file final.tsv (TSV, C-alpha atoms and all ligand atoms)
chain	number	residue	atom	x	y	z
A	1	MET	CA	-1.57	-21.43	-0.40
A	2	THR	CA	-0.69	-21.18	3.22
A	3	ASP	CA	-3.20	-20.61	5.99
A	4	LYS	CA	-0.52	-19.34	8.38
A	5	ARG	CA	-0.27	-15.66	9.16
A	6	SER	CA	2.28	-14.10	6.84
A	7	ILE	CA	4.56	-11.21	7.62
A	8	VAL	CA	6.81	-9.21	5.32
A	9	ILE	CA	9.92	-7.61	6.79
A	10	LYS	CA	11.70	-4.82	4.96
A	11	ILE	CA	15.31	-4.29	5.92
A	12	GLY	CA	17.08	-1.08	4.93
A	13	SER	CA	20.61	-0.92	3.46
A	14	ALA	CA	22.05	0.98	6.43
A	15	LEU	CA	21.27	-1.98	8.72
A	16	LEU	CA	22.84	-4.52	6.37
A	17	ALA	CA	25.96	-2.75	5.15
A	18	ASN	CA	28.67	-1.23	7.26
A	19	GLN	CA	28.56	2.50	6.50
A	20	ASP	CA	32.35	2.96	6.07
A	21	LEU	CA	33.58	-0.42	4.88
A	22	LEU	CA	30.44	-1.32	2.88
A	23	THR	CA	30.68	-4.94	4.09
A	24	PRO	CA	27.85	-7.11	5.49
A	25	ARG	CA	26.93	-6.49	9.12
A	26	PHE	CA	26.87	-10.08	10.38
A	27	GLY	CA	26.05	-9.03	13.94
A	28	PHE	CA	22.83	-7.41	12.78
A	29	LEU	CA	21.98	-10.38	10.55
A	30	GLN	CA	22.33	-12.75	13.50
A	31	ARG	CA	19.98	-10.68	15.64
A	32	LEU	CA	17.51	-10.44	12.78
A	33	LEU	CA	17.49	-14.08	11.73
A	34	GLU	CA	17.42	-15.32	15.30
A	35	ASP	CA	14.16	-13.38	15.63
A	36	VAL	CA	12.91	-14.66	12.26
A	37	ALA	CA	13.41	-18.19	13.64
A	38	ARG	CA	11.42	-17.16	16.72
A	39	LEU	CA	8.54	-15.86	14.58
A	40	ARG	CA	8.56	-19.01	12.48
A	41	ALA	CA	8.40	-21.12	15.65
A	42	ASP	CA	5.36	-19.04	16.67
A	43	GLY	CA	3.63	-20.01	13.41
A	44	TRP	CA	4.40	-17.05	11.17
A	45	SER	CA	5.32	-17.38	7.49
A	46	VAL	CA	8.14	-14.89	7.01
A	47	ILE	CA	9.14	-13.09	3.82
A	48	LEU	CA	12.11	-10.75	3.81
A	49	CYS	CA	12.41	-7.80	1.49
A	50	SER	CA	16.06	-6.92	1.74
A	51	SER	CA	17.98	-3.94	0.45
A	52	GLY	CA	21.76	-3.89	0.54
A	53	SER	CA	22.87	-5.33	-2.78
A	54	VAL	CA	23.91	-1.95	-4.18
A	55	ALA	CA	25.66	-0.84	-0.99
A	56	LEU	CA	27.55	-4.14	-0.66
A	57	GLY	CA	28.72	-4.10	-4.29
A	58	LEU	CA	29.87	-0.48	-4.53
A	59	LYS	CA	33.44	-1.09	-3.43
A	60	ILE	CA	33.91	-3.90	-5.96
A	61	VAL	CA	33.09	-1.52	-8.80
A	62	GLY	CA	35.25	1.22	-7.29
A	63	GLU	CA	32.42	3.59	-6.30
A	64	THR	CA	30.97	5.15	-3.16
A	65	PRO	CA	27.33	6.03	-2.35
A	66	GLU	CA	28.17	9.65	-3.22
A	67	THR	CA	29.88	8.99	-6.58
A	68	ALA	CA	27.79	6.16	-8.05
A	69	GLY	CA	25.60	6.84	-11.08
A	70	VAL	CA	22.85	4.59	-12.46
A	71	SER	CA	25.08	2.16	-14.38
A	72	ASP	CA	27.51	1.98	-11.44
A	73	LYS	CA	24.62	1.01	-9.17
A	74	GLN	CA	23.39	-1.59	-11.67
A	75	ALA	CA	26.85	-3.17	-11.72
A	76	ALA	CA	27.19	-2.82	-7.94
A	77	ALA	CA	23.89	-4.64	-7.42
A	78	ALA	CA	25.15	-7.55	-9.53
A	79	CYS	CA	28.30	-7.73	-7.36
A	80	GLY	CA	26.55	-7.17	-4.03
A	81	MET	CA	23.64	-9.58	-4.49
A	82	PRO	CA	25.67	-12.80	-4.08
A	83	LEU	CA	27.42	-11.31	-1.03
A	84	LEU	CA	24.09	-10.38	0.52
A	85	LEU	CA	22.45	-13.72	-0.19
A	86	ASN	CA	25.50	-15.64	0.97
A	87	ALA	CA	25.38	-13.77	4.27
A	88	TYR	CA	21.66	-14.59	4.68
A	89	LYS	CA	22.26	-18.20	3.73
A	90	GLN	CA	25.08	-18.73	6.21
A	91	VAL	CA	23.28	-17.09	9.09
A	92	GLY	CA	19.93	-18.69	8.13
A	93	HIS	CA	21.57	-22.12	8.41
A	94	GLU	CA	22.72	-21.26	11.94
A	95	TYR	CA	19.07	-20.84	12.84
A	96	GLY	CA	17.90	-23.89	10.94
A	97	PHE	CA	16.17	-22.54	7.85
A	98	GLU	CA	16.71	-22.21	4.12
A	99	ILE	CA	16.42	-18.99	2.16
A	100	ALA	CA	15.56	-18.36	-1.50
A	101	GLN	CA	16.05	-15.37	-3.73
A	102	ILE	CA	13.33	-13.63	-5.74
A	103	LEU	CA	14.39	-10.69	-7.88
A	104	LEU	CA	11.52	-8.60	-9.22
A	105	THR	CA	11.05	-5.72	-11.60
A	106	LEU	CA	8.29	-3.16	-11.92
A	107	GLY	CA	6.58	-5.23	-14.62
A	108	ASP	CA	6.15	-8.15	-12.23
A	109	PHE	CA	3.82	-5.97	-10.17
A	110	GLU	CA	2.16	-3.92	-12.91
A	111	ASP	CA	1.27	-6.85	-15.19
A	112	HIS	CA	-1.47	-8.85	-13.49
A	113	ARG	CA	-0.45	-12.22	-14.94
A	114	ARG	CA	3.15	-11.81	-13.81
A	115	PHE	CA	1.89	-10.60	-10.45
A	116	LEU	CA	-0.09	-13.84	-10.00
A	117	ASN	CA	2.83	-16.00	-11.19
A	118	THR	CA	5.13	-14.35	-8.70
A	119	ARG	CA	2.57	-14.82	-5.96
A	120	ASN	CA	2.36	-18.55	-6.71
A	121	THR	CA	6.13	-18.88	-6.44
A	122	VAL	CA	6.22	-17.08	-3.10
A	123	HIS	CA	3.42	-19.27	-1.75
A	124	ARG	CA	5.17	-22.42	-2.96
A	125	LEU	CA	8.35	-21.39	-1.14
A	126	LEU	CA	6.40	-20.68	2.05
A	127	GLU	CA	4.72	-24.06	1.76
A	128	ALA	CA	8.19	-25.64	1.62
A	129	GLY	CA	9.18	-23.74	4.77
A	130	VAL	CA	11.73	-21.61	2.93
A	131	VAL	CA	12.19	-17.90	3.69
A	132	PRO	CA	11.90	-15.94	0.41
A	133	ILE	CA	14.19	-12.92	0.18
A	134	VAL	CA	12.81	-10.41	-2.28
A	135	ASN	CA	14.65	-7.49	-3.85
A	136	GLU	CA	14.35	-5.42	-6.98
A	137	ASN	CA	16.47	-6.69	-9.88
A	138	ASP	CA	18.49	-3.48	-9.90
A	139	SER	CA	21.02	-4.73	-12.46
A	140	ILE	CA	18.50	-4.77	-15.29
A	141	THR	CA	16.17	-1.91	-14.36
A	142	THR	CA	16.60	1.66	-15.51
A	143	GLU	CA	15.43	4.90	-13.95
A	144	GLN	CA	12.17	4.89	-15.94
A	145	ILE	CA	11.20	1.28	-15.27
A	146	ARG	CA	12.05	0.66	-11.69
A	147	VAL	CA	10.21	0.58	-8.40
A	148	GLY	CA	13.16	2.46	-6.92
A	149	ASP	CA	12.67	1.84	-3.24
A	150	ASN	CA	12.19	-1.34	-1.28
A	151	ASP	CA	9.61	0.23	1.06
A	152	ARG	CA	6.92	0.23	-1.62
A	153	LEU	CA	8.25	-3.03	-3.06
A	154	ALA	CA	7.74	-4.65	0.35
A	155	ALA	CA	4.21	-3.22	0.58
A	156	LYS	CA	3.40	-4.70	-2.83
A	157	VAL	CA	4.75	-8.06	-1.71
A	158	ALA	CA	2.60	-7.85	1.45
A	159	GLN	CA	-0.44	-7.09	-0.71
A	160	MET	CA	0.53	-9.88	-3.12
A	161	VAL	CA	0.67	-12.62	-0.49
A	162	GLY	CA	-2.19	-11.32	1.67
A	163	ALA	CA	0.14	-10.71	4.62
A	164	SER	CA	-1.35	-9.47	7.87
A	165	ASP	CA	1.69	-7.39	8.84
A	166	LEU	CA	4.59	-5.50	7.32
A	167	ILE	CA	7.54	-4.44	9.49
A	168	ILE	CA	9.82	-1.77	8.02
A	169	LEU	CA	13.11	-1.89	9.92
A	170	THR	CA	15.11	1.28	9.64
A	171	GLY	CA	17.61	3.54	11.43
A	172	VAL	CA	15.01	5.60	13.34
A	173	ASP	CA	12.43	4.47	15.86
A	174	GLY	CA	9.45	5.55	13.79
A	175	LEU	CA	7.56	8.60	12.58
A	176	TYR	CA	7.75	12.08	14.10
A	177	ASP	CA	5.26	14.84	13.45
A	178	ARG	CA	8.06	17.05	12.09
A	179	ASN	CA	11.79	16.78	11.38
A	180	PRO	CA	13.08	14.62	14.29
A	181	ASP	CA	16.02	17.06	14.76
A	182	ASP	CA	13.50	19.71	15.81
A	183	PRO	CA	13.38	19.68	19.66
A	184	GLU	CA	9.60	20.16	19.46
A	185	ALA	CA	9.17	16.99	17.37
A	186	GLN	CA	6.68	14.52	18.82
A	187	PHE	CA	6.81	10.78	18.23
A	188	VAL	CA	3.73	9.37	16.47
A	189	PRO	CA	2.88	5.90	17.81
A	190	GLU	CA	-0.18	5.25	15.67
A	191	VAL	CA	-1.39	6.52	12.31
A	192	GLU	CA	-4.67	6.12	10.55
A	193	ASP	CA	-4.41	8.80	7.86
A	194	VAL	CA	-0.85	8.90	6.50
A	195	GLY	CA	-1.79	11.94	4.39
A	196	LEU	CA	-1.53	14.08	7.55
A	197	TYR	CA	2.20	13.40	7.85
A	198	MET	CA	3.43	13.52	4.25
A	199	ASP	CA	4.69	17.10	4.58
A	200	ALA	CA	6.64	16.25	7.73
A	201	THR	CA	8.68	13.54	6.06
A	202	LYS	CA	11.07	15.21	3.68
A	203	GLY	CA	14.65	13.87	3.68
A	204	LYS	CA	16.43	10.70	2.64
A	205	SER	CA	18.74	8.07	4.05
A	206	THR	CA	22.32	8.05	2.73
A	207	LEU	CA	22.74	4.35	1.88
A	208	GLY	CA	19.27	3.31	0.77
A	209	THR	CA	16.89	5.08	-1.57
A	210	GLY	CA	13.85	5.55	0.63
A	211	GLY	CA	13.13	8.10	3.33
A	212	MET	CA	10.16	8.43	5.67
A	213	ALA	CA	7.97	9.63	2.77
A	214	THR	CA	8.35	6.37	0.83
A	215	LYS	CA	7.72	4.47	4.08
A	216	LEU	CA	4.41	6.28	4.49
A	217	GLN	CA	3.49	5.71	0.85
A	218	ALA	CA	4.27	2.03	1.38
A	219	ALA	CA	2.22	1.97	4.57
A	220	ASN	CA	-0.68	3.56	2.70
A	221	MET	CA	-0.57	0.86	0.02
A	222	ALA	CA	-0.42	-1.78	2.72
A	223	GLN	CA	-3.27	-0.36	4.78
A	224	GLU	CA	-5.59	-0.20	1.76
A	225	ALA	CA	-4.88	-3.91	1.22
A	226	GLY	CA	-5.70	-4.66	4.88
A	227	VAL	CA	-2.10	-4.96	6.10
A	228	VAL	CA	-0.81	-3.38	9.35
A	229	THR	CA	2.56	-1.62	8.92
A	230	TRP	CA	5.08	-1.13	11.72
A	231	ILE	CA	7.96	1.31	11.22
A	232	ALA	CA	10.71	0.56	13.73
A	233	GLN	CA	14.39	0.89	14.58
A	234	GLY	CA	16.21	-2.29	13.52
A	235	GLU	CA	19.33	-1.90	15.65
A	236	VAL	CA	18.18	-3.87	18.72
A	237	ASP	CA	17.98	-7.44	19.99
A	238	ARG	CA	14.81	-9.25	18.87
A	239	PRO	CA	14.07	-6.47	16.37
A	240	LEU	CA	10.80	-8.06	15.19
A	241	SER	CA	9.14	-9.77	18.14
A	242	THR	CA	9.56	-6.71	20.37
A	243	VAL	CA	7.62	-4.68	17.80
A	244	LEU	CA	4.78	-7.16	17.50
A	245	SER	CA	4.52	-7.55	21.28
A	246	GLY	CA	4.59	-3.79	21.85
A	247	GLU	CA	7.63	-4.11	24.14
A	248	ARG	CA	9.31	-1.14	22.49
A	249	ARG	CA	8.07	1.82	20.60
A	250	SER	CA	7.41	1.91	16.91
A	251	THR	CA	4.92	3.60	14.63
A	252	LYS	CA	1.92	1.44	13.80
A	253	VAL	CA	-0.01	2.32	10.66
A	254	LEU	CA	-3.46	0.83	11.00
A	255	ALA	CA	-5.00	-1.36	8.32
A	256	ASN	CA	-8.16	-0.12	6.67
A	257	PRO	CA	-10.96	-2.10	8.39
A	258	ASN	CA	-12.70	-2.42	5.01
A	259	PRO	CA	-9.78	-3.28	2.75
A	260	LEU	CA	-10.07	-3.38	-1.02
A	261	SER	CA	-10.50	-6.77	-2.67
A	262	GLY	CA	-7.39	-8.34	-4.22
A	263	TRP	CA	-8.37	-7.15	-7.69
A	264	ASP	CA	-9.27	-3.62	-6.59
A	265	SER	CA	-6.13	-3.40	-4.51
A	266	TRP	CA	-4.04	-4.47	-7.49
A	267	ILE	CA	-5.67	-1.72	-9.57
A	268	ALA	CA	-5.45	1.02	-6.96
A	269	ASN	CA	-1.96	0.33	-5.56
A	270	ARG	CA	0.34	1.70	-8.21
A	271	LEU	CA	4.10	1.96	-8.36
A	272	GLN	CA	4.18	4.01	-11.53
A	273	MET	CA	1.66	6.00	-13.54
A	274	ALA	CA	1.07	4.50	-17.00
A	275	GLY	CA	-1.38	7.17	-18.10
A	276	SER	CA	-4.00	9.60	-16.93
A	277	LEU	CA	-7.32	11.03	-17.99
A	278	VAL	CA	-9.11	14.22	-17.05
A	279	ILE	CA	-12.86	13.77	-17.24
A	280	SER	CA	-15.53	16.47	-17.47
A	281	ASP	CA	-17.07	17.86	-14.29
A	282	GLU	CA	-20.39	16.32	-15.20
A	283	ALA	CA	-18.81	12.89	-15.63
A	284	ALA	CA	-16.84	13.36	-12.40
A	285	LYS	CA	-20.09	13.87	-10.46
A	286	MET	CA	-21.48	10.54	-11.69
A	287	LEU	CA	-18.23	8.58	-11.49
A	288	GLY	CA	-18.56	5.28	-9.66
A	289	ALA	CA	-22.38	5.33	-9.66
A	290	ASP	CA	-24.82	2.94	-11.33
A	291	ASP	CA	-22.29	0.61	-12.94
A	292	ARG	CA	-21.34	3.35	-15.41
A	293	PRO	CA	-18.15	3.02	-17.42
A	294	ILE	CA	-15.94	5.94	-18.44
A	295	THR	CA	-16.74	6.68	-22.05
A	296	ARG	CA	-14.77	8.56	-24.65
A	297	SER	CA	-17.16	11.50	-24.70
A	298	GLN	CA	-16.37	12.20	-21.01
A	299	ILE	CA	-12.66	12.66	-21.58
A	300	VAL	CA	-11.34	16.20	-21.54
A	301	SER	CA	-7.64	15.41	-21.84
A	302	MET	CA	-5.25	12.51	-21.57
A	303	ASP	CA	-1.58	11.88	-20.95
A	304	GLY	CA	0.84	9.00	-21.27
A	305	ASP	CA	1.83	6.24	-23.58
A	306	PHE	CA	-0.13	3.23	-22.39
A	307	THR	CA	-1.36	-0.07	-23.61
A	308	ARG	CA	-4.59	-2.01	-23.15
A	309	GLY	CA	-4.76	-3.29	-19.56
A	310	ASP	CA	-2.59	-0.52	-18.12
A	311	VAL	CA	-4.01	1.37	-15.15
A	312	LEU	CA	-5.07	4.97	-15.77
A	313	HIS	CA	-5.33	7.65	-13.09
A	314	ILE	CA	-8.61	9.55	-13.42
A	315	TYR	CA	-8.71	13.27	-12.52
A	316	ASP	CA	-11.41	15.89	-12.38
A	317	GLN	CA	-10.85	19.23	-14.12
A	318	ALA	CA	-9.45	20.77	-10.93
A	319	GLY	CA	-6.69	18.12	-10.94
A	320	THR	CA	-7.97	15.98	-8.04
A	321	GLU	CA	-7.43	12.29	-8.51
A	322	LEU	CA	-10.76	10.48	-8.20
A	323	ALA	CA	-10.20	6.92	-9.29
A	324	ARG	CA	-7.93	4.44	-11.01
A	325	GLY	CA	-8.99	1.97	-13.66
A	326	LEU	CA	-7.87	-0.40	-16.39
A	327	SER	CA	-7.81	0.99	-19.88
A	328	ASP	CA	-9.61	-0.97	-22.58
A	329	PHE	CA	-7.60	0.83	-25.25
A	330	THR	CA	-4.05	1.75	-26.10
A	331	SER	CA	-3.21	5.46	-25.87
A	332	GLU	CA	-3.08	5.61	-29.68
A	333	GLU	CA	-6.56	4.10	-30.00
A	334	LEU	CA	-7.92	6.41	-27.37
A	335	ARG	CA	-6.51	9.47	-29.10
A	336	VAL	CA	-8.18	8.44	-32.33
A	337	LEU	CA	-11.46	7.74	-30.52
A	338	THR	CA	-11.52	11.04	-28.68
A	339	VAL	CA	-10.63	13.29	-31.59
A	340	ASN	CA	-13.32	11.70	-33.75
A	341	PRO	CA	-16.18	11.67	-31.27
A	342	ASP	CA	-18.88	11.26	-33.91
A	343	THR	CA	-17.33	8.40	-35.85
A	344	PRO	CA	-18.42	4.94	-34.64
A	345	ALA	CA	-15.68	3.21	-32.63
A	346	GLU	CA	-15.79	0.15	-34.86
A	347	GLN	CA	-15.00	2.21	-37.92
A	348	LEU	CA	-12.04	3.86	-36.21
A	349	LEU	CA	-10.59	0.77	-34.60
A	350	GLY	CA	-11.32	-1.90	-37.17
A	351	TYR	CA	-12.92	-4.19	-34.59
A	352	ARG	CA	-16.19	-4.25	-32.67
A	353	SER	CA	-16.11	-2.20	-29.49
A	354	LYS	CA	-18.63	-0.52	-27.21
A	355	GLY	CA	-16.19	2.33	-26.78
A	356	GLU	CA	-16.01	1.96	-23.00
A	357	VAL	CA	-12.64	3.32	-21.98
A	358	VAL	CA	-12.73	1.99	-18.41
A	359	ARG	CA	-15.40	-0.56	-17.56
A	360	PHE	CA	-17.17	-0.18	-14.23
A	361	ASN	CA	-15.74	-3.49	-12.95
A	362	ASN	CA	-12.24	-2.26	-13.61
A	363	LEU	CA	-12.69	1.09	-11.90
A	364	VAL	CA	-11.71	1.74	-8.28
A	365	MET	CA	-12.80	4.94	-6.57
A	366	LEU	CA	-10.01	6.19	-4.33
A	367	GLN	CA	-10.96	6.00	-0.70
A	368	SER	CA	-10.75	9.20	1.23
A	369	HIS	CA	-7.43	8.37	2.87
A	370	HIS	CA	-5.77	6.73	-0.10
A	371	LEU	CA	-2.86	9.00	-1.06
A	372	GLN	CA	-3.66	10.66	-4.35
A	373	TRP	CA	-1.06	11.36	-7.00
A	374	ASP	CA	-0.60	14.75	-8.61
A	375	ALA	CA	-1.74	14.98	-12.21
A	376	PRO	CA	1.16	15.11	-14.70
A	377	SER	CA	2.27	18.71	-15.01
A	378	SER	CA	1.32	18.80	-18.65
A	379	MET	CA	-1.79	16.92	-19.58
A	380	VAL	CA	-0.22	17.22	-22.98
A	381	TYR	CA	-3.02	16.14	-25.21
A	382	GLU	CA	-6.12	18.33	-25.13
A	383	VAL	CA	-9.08	16.66	-26.73
A	384	ALA	CA	-10.36	19.03	-29.38
A	385	PRO	CA	-11.48	18.62	-32.96
A	386	PRO	CA	-8.32	17.86	-34.94
A	387	ASP	CA	-7.11	20.01	-37.80
A	388	GLU	CA	-8.37	19.08	-41.23
A	389	ASP	CA	-5.01	17.57	-42.09
A	390	SER	CA	-4.39	15.87	-38.72
A	391	PRO	CA	-3.14	12.34	-39.17
A	392	LEU	CA	-5.48	11.33	-36.32
A	393	ARG	CA	-8.67	12.27	-38.15
A	394	ASN	CA	-10.40	9.07	-39.22
A	395	ALA	CA	-7.11	7.27	-38.79
B	401	LIG	N1	17.23	-2.49	-4.18
B	401	LIG	C1	18.26	-1.71	-3.54
B	401	LIG	C2	19.36	-2.60	-3.01
B	401	LIG	O1	19.23	-3.75	-2.86
B	401	LIG	C3	17.76	-0.90	-2.36
B	401	LIG	C4	16.55	-0.05	-2.58
B	401	LIG	C5	16.18	0.64	-1.25
B	401	LIG	O2	17.04	0.85	-0.41
B	401	LIG	O3	15.02	0.95	-1.04
B	401	LIG	O4	20.41	-2.14	-2.69
call {"tool": "encode", "arguments": {"input": "final.tsv", "output": "structure tokens"}}
result
Amino acid sequence: MTDKRSIVIKIGSALLANQDLLTPRFGFLQRLLEDVARLRADGWSVILCSSGSVALGLKIVGETPETAGVSDKQAAAACGMPLLLNAYKQVGHEYGFEIAQILLTLGDFEDHRRFLNTRNTVHRLLEAGVVPIVNENDSITTEQIRVGDNDRLAAKVAQMVGASDLIILTGVDGLYDRNPDDPEAQFVPEVEDVGLYMDATKGKSTLGTGGMATKLQAANMAQEAGVVTWIAQGEVDRPLSTVLSGERRSTKVLANPNPLSGWDSWIANRLQMAGSLVISDEAAKMLGADDRPITRSQIVSMDGDFTRGDVLHIYDQAGTELARGLSDFTSEELRVLTVNPDTPAEQLLGYRSKGEVVRFNNLVMLQSHHLQWDAPSSMVYEVAPPDEDSPLRNA
């Protein structure tokens, strides 16, 4: 572990890849890494979360940002990654430090053991004075099992290492209260509740995958874990230190002064929804009180194909997300348990169980300004007594 202050810096594709030629922008990299060296000299541990592998590899596979489909992007990432890392390595050496590559997938964040393993590796690199460069392993991920944007990936990394700050470098100088092309648009220097600005942030960048909306989602994950997020234009000299010193404008998203613990933050900060439950209104009223678990009799409907240890999103009957928690059962087990409410759990499952679906210790109530997720459009499975001939009955 390191006792230095850690900072995660997310760098968007448009800063790293020349828009027309799709080649590395060495001038930008020099300005960036010169400032990374400055931060390191000031005592910071620096972790980079860099996009750009897809953009830099597109030409090699004969595609453009407009034409590339999923498999083209997977192949492009494999071609672009060595170019990107080589550029970082060369320029890093000019400023006297080593870099290392960490490629992650969704599972490395969603599985707690892999999350901790990854964290140990990052800490070991920081201990050795190396700058880890994190990216998603785009070549092996598919649409269904990917993080998708490096904004949220960077926020997860910041949460993972207990960073104090996250800087998201991008092509605009920060957040506006409406579309920045609107002459009435006002710059927002500081944000406490990101939920107030989600509607104002539609639109995407052309080279990367994120837009302002994913940046705010990322900032929300970071703030709940006690991390300050800065959203800033990257196209300047000293792109990092001028943000931290307040010398130029950026949007600062404040950290929650009472952040969630590491465990609770891991549960609440999700990249993908594994499954969801709707609980009865009565159960919703009592949720989170008196060490009570969620039990099978409280479940009104469920959705998703999940396994034991996956995180479920808990909704009330009006569709408001109330909490997130670890499931003690697979979705199959839970279906059997809920459609046979009067049969003892042990008889249905074949092993001893108290029938607690989410234990109190594994349940996190969503704080008022934690962005909630919409319930899946079809909560496909309604819990009701099964037909006589249902395969689920006493399965
Ligand atoms: N992982 C992608 C890449 O390296 C970028 C994702 C993003 O831009 O957010 O190209």
call {"tool": "atom_distance", "arguments": {"input": "final.tsv", "atom1": "atom CA of A:Ile11", "atom2": "atom CA of A:Ser51"}}
result
6.1 Å
call {"tool": "residues_near_ligand", "arguments": {"input": "final.tsv", "ligand": "ligand LIG 401 (chain B)", "cutoff": "10 Å", "atoms": "all atoms listed in the file", "output": "PyMOL selection string"}}
result
chain A and resi 10-14+16-17+49-58+73-74+76-78+80-81+84+103-104+134-139+146-154+205-211+214-215
call {"tool": "residues_near_point", "arguments": {"input": "final.tsv", "point": "(-10.4, 7.4, -33.7)", "cutoff": "6 Å", "atoms": "only C-alpha atoms", "output": "PyMOL selection string"}}
result
chain A and resi 336-337+340+348+394
call {"tool": "residues_around", "arguments": {"input": "final.tsv", "residues": "stretch 315-317 of chain A", "least_positions_apart": "2", "cutoff": "7 Å", "atoms": "all atoms listed in the file", "output": "PyMOL selection string"}}
result
chain A and resi 277-281+284+313+319-322
call {"tool": "atom_distance", "arguments": {"input": "final.tsv", "atom1": "atom CA of A:Val243", "atom2": "atom CA of A:Ile231"}}
result
8.9 Å
call {"tool": "residues_near_point", "arguments": {"input": "final.tsv", "point": "(6.3, -10.4, 3.3)", "cutoff": "10 Å", "atoms": "only C-alpha atoms", "output": "JSON, numbers by chain"}}
result
{"A": [6, 7, 8, 9, 10, 45, 46, 47, 48, 49, 122, 131, 132, 133, 134, 153, 154, 155, 156, 157, 158, 159, 160, 161, 162, 163, 164, 165, 166, 167]}
call {"tool": "atom_distance", "arguments": {"input": "final.tsv", "atom1": "atom CA of A:Ser276", "atom2": "atom CA of A:Glu346"}}
result
23.4 Å
call {"tool": "residues_around", "arguments": {"input": "final.tsv", "residues": "A:Val228", "least_positions_apart": "4", "cutoff": "8 Å", "atoms": "only C-alpha atoms", "output": "PyMOL selection string"}}
result
chain A and resi 164-166+219+222-223+252-255
call {"tool": "closest_residue", "arguments": {"input": "final.tsv", "among": "A:Ser241, A:Asn220, A:Leu334, A:Leu326", "to": "A:His370", "atoms": "all atoms listed in the file"}}
result
A:Asn220
call {"tool": "closest_residue", "arguments": {"input": "final.tsv", "among": "A:Leu244, A:Val194, A:Ile294, A:Met212", "to": "A:Thr170", "atoms": "all atoms listed in the file"}}
result
A:Met212
call {"tool": "residues_around", "arguments": {"input": "final.tsv", "residues": "stretch 33-42 of chain A", "least_positions_apart": "4", "cutoff": "8 Å", "atoms": "all atoms listed in the file", "output": "ChimeraX atom specification"}}
result
/A:29,46,91-92,95-97,238-241
call {"tool": "closest_residue", "arguments": {"input": "final.tsv", "among": "A:Asp199, A:Thr23, A:Trp266, A:Leu271", "to": "A:Leu116", "atoms": "only C-alpha atoms"}}
result
A:Trp266
call {"tool": "closest_residue", "arguments": {"input": "final.tsv", "among": "A:Arg308, A:Arg248, A:Arg296, A:Arg324", "to": "A:Pro344", "atoms": "all atoms listed in the file"}}
result
A:Arg296
call {"tool": "residues_around", "arguments": {"input": "final.tsv", "residues": "stretch 352-364 of chain A", "least_positions_apart": "2", "cutoff": "7 Å", "atoms": "all atoms listed in the file", "output": "ChimeraX atom specification"}}
result
/A:264,268,291-296,323-329,345-346,366
call {"tool": "closest_residue", "arguments": {"input": "final.tsv", "among": "A:Met365, A:Met286, A:Leu216, A:Leu196", "to": "A:Ile267", "atoms": "all atoms listed in the file"}}
result
A:Met365
